[in-house]
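Below: the structure, in structure tokens.
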Amino acid sequence: MTLSHETVIQNFPSAAGLPIGARIVATGVPSSESKSGVCAVSIKRMTEGFYKVVRLN
């Protein structure tokens, strides 16, 4: 899904200084779809104001 800069920084503060085109993986993200209750997501900065966030597991 595509999320705004403000939304990503609020939920994933470690993405604050991510340059455009760079990607990080956040683990331990709360997830109601996972049996364990958490998942990992890939966060890629697409533009100055938007990121692509994808659930990995």
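Letters for chains follow the order of the structure tokens (A, B, ...), residue numbers begin at 1 for each chain, and ligand numbers begin at 1 in the order shown.
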Q. Where in chain A does DSSP assign strand (DSSP E or B), given as a list in words?
A. Thr2, Leu3, Ser4, Arg23, Ile24, Val25, Ala26, Thr27, Gly28, Val29, Pro30, Val38, Cys39, Ala40, Val41, Ser42, Ile43, Lys44, Arg45, Phe50, Tyr51, Lys52, Val53, Val54 and Arg55 of chain A
Same residues, C-alpha atoms, output as an mmCIF file, in the first residue's frame:
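What ended up in result_32.cif:
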data_model
loop_
_atom_site.group_PDB
_atom_site.id
_atom_site.type_symbol
_atom_site.label_atom_id
_atom_site.label_comp_id
_atom_site.auth_asym_id
_atom_site.auth_seq_id
_atom_site.Cartn_x
_atom_site.Cartn_y
_atom_site.Cartn_z
ATOM 1 C CA THR A 2 1.083 3.585 -0.507
ATOM 2 C CA LEU A 3 1.248 5.722 2.621
ATOM 3 C CA SER A 4 2.035 9.396 3.195
ATOM 4 C CA ARG A 23 14.226 0.487 1.637
ATOM 5 C CA ILE A 24 14.168 -0.791 5.221
ATOM 6 C CA VAL A 25 12.453 -3.732 6.902
ATOM 7 C CA ALA A 26 10.505 -3.196 10.124
ATOM 8 C CA THR A 27 9.870 -6.242 12.302
ATOM 9 C CA GLY A 28 7.476 -6.799 15.186
ATOM 10 C CA VAL A 29 4.699 -4.784 13.526
ATOM 11 C CA PRO A 30 1.297 -5.574 15.100
ATOM 12 C CA VAL A 38 3.162 -9.496 14.584
ATOM 13 C CA CYS A 39 4.684 -9.346 11.110
ATOM 14 C CA ALA A 40 7.503 -7.716 9.153
ATOM 15 C CA VAL A 41 6.995 -5.001 6.542
ATOM 16 C CA SER A 42 9.185 -3.568 3.813
ATOM 17 C CA ILE A 43 9.141 0.232 3.636
ATOM 18 C CA LYS A 44 10.433 1.900 0.453
ATOM 19 C CA ARG A 45 10.515 5.653 0.001
ATOM 20 C CA PHE A 50 5.051 8.845 -0.216
ATOM 21 C CA TYR A 51 6.249 5.370 0.750
ATOM 22 C CA LYS A 52 5.340 1.871 -0.413
ATOM 23 C CA VAL A 53 4.691 -0.473 2.533
ATOM 24 C CA VAL A 54 4.395 -4.226 1.904
ATOM 25 C CA ARG A 55 3.768 -7.022 4.427
#
Which parts of chain A does DSSP call helix (DSSP H, G or I) when run on the backbone here, written out as a CSV table (one decimal) with all heavy atoms, in the first residue's frame?
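Result saved to result.csv:
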chain,number,residue,atom,x,y,z
A,5,HIS,N,4.1,10.4,4.0
A,5,HIS,CA,5.3,10.6,4.8
A,5,HIS,C,4.9,10.7,6.3
A,5,HIS,O,5.4,10.0,7.1
A,5,HIS,CB,6.0,11.8,4.4
A,5,HIS,CG,7.2,12.1,5.2
A,5,HIS,ND1,8.4,11.4,5.2
A,5,HIS,CD2,7.4,13.1,6.2
A,5,HIS,CE1,9.2,11.9,6.0
A,5,HIS,NE2,8.6,13.0,6.6
A,6,GLU,N,3.8,11.5,6.6
A,6,GLU,CA,3.4,11.7,7.9
A,6,GLU,C,3.0,10.4,8.6
A,6,GLU,O,3.3,10.1,9.7
A,6,GLU,CB,2.3,12.7,8.0
A,6,GLU,CG,2.7,14.1,7.6
A,6,GLU,CD,2.8,14.3,6.1
A,6,GLU,OE1,2.2,13.5,5.3
A,6,GLU,OE2,3.4,15.3,5.7
A,7,THR,N,2.2,9.6,7.9
A,7,THR,CA,1.7,8.3,8.4
A,7,THR,C,2.9,7.4,8.7
A,7,THR,O,2.9,6.7,9.7
A,7,THR,CB,0.7,7.7,7.4
A,7,THR,OG1,-0.4,8.6,7.2
A,7,THR,CG2,0.2,6.3,7.9
A,8,VAL,N,3.8,7.3,7.7
A,8,VAL,CA,4.9,6.3,7.9
A,8,VAL,C,5.8,6.8,9.1
A,8,VAL,O,6.2,5.9,9.9
A,8,VAL,CB,5.8,6.3,6.6
A,8,VAL,CG1,7.1,5.5,6.8
A,8,VAL,CG2,4.9,5.6,5.5
A,9,ILE,N,6.1,8.0,9.2
A,9,ILE,CA,7.0,8.5,10.3
A,9,ILE,C,6.3,8.3,11.6
A,9,ILE,O,7.0,8.0,12.6
A,9,ILE,CB,7.4,10.0,10.0
A,9,ILE,CG1,8.2,10.1,8.7
A,9,ILE,CG2,8.2,10.5,11.2
A,9,ILE,CD1,9.3,9.1,8.6
A,10,GLN,N,5.0,8.5,11.7
A,10,GLN,CA,4.3,8.3,12.9
A,10,GLN,C,4.3,6.9,13.4
A,10,GLN,O,4.5,6.6,14.6
A,10,GLN,CB,2.8,8.7,12.8
A,10,GLN,CG,2.0,8.6,14.0
A,10,GLN,CD,0.5,9.0,13.8
A,10,GLN,OE1,0.1,9.3,12.7
A,10,GLN,NE2,-0.2,9.0,14.9
A,11,ASN,N,4.2,5.9,12.4
A,11,ASN,CA,4.2,4.5,12.8
A,11,ASN,C,5.5,3.8,12.7
A,11,ASN,O,5.7,2.8,13.4
A,11,ASN,CB,3.2,3.8,11.8
A,11,ASN,CG,1.8,4.2,12.1
A,11,ASN,OD1,1.2,3.8,13.1
A,11,ASN,ND2,1.2,5.0,11.2
A,13,PRO,N,9.1,5.4,13.1
A,13,PRO,CA,10.1,6.5,13.2
A,13,PRO,C,11.5,6.2,12.6
A,13,PRO,O,12.2,7.1,12.2
A,13,PRO,CB,10.2,6.7,14.7
A,13,PRO,CG,9.0,6.0,15.3
A,13,PRO,CD,8.6,4.9,14.4
A,14,SER,N,11.8,4.9,12.5
A,14,SER,CA,13.2,4.6,11.9
A,14,SER,C,13.2,4.9,10.5
A,14,SER,O,14.3,5.0,9.9
A,14,SER,CB,13.5,3.1,12.2
A,14,SER,OG,12.5,2.3,11.5
A,15,ALA,N,12.1,5.2,9.8
A,15,ALA,CA,12.1,5.5,8.4
A,15,ALA,C,12.3,7.1,8.2
A,15,ALA,O,12.3,7.5,7.0
A,15,ALA,CB,10.8,5.1,7.7
Q: In Å, rounded to a single decimal, give me how far atom CA of A:Ser31 is from atom CA of A:Gly49.
A: 24.6 Å
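Going from atom CA of A:Phe12 over to atom CA of A:Ser36, you cover 19.8 Å.
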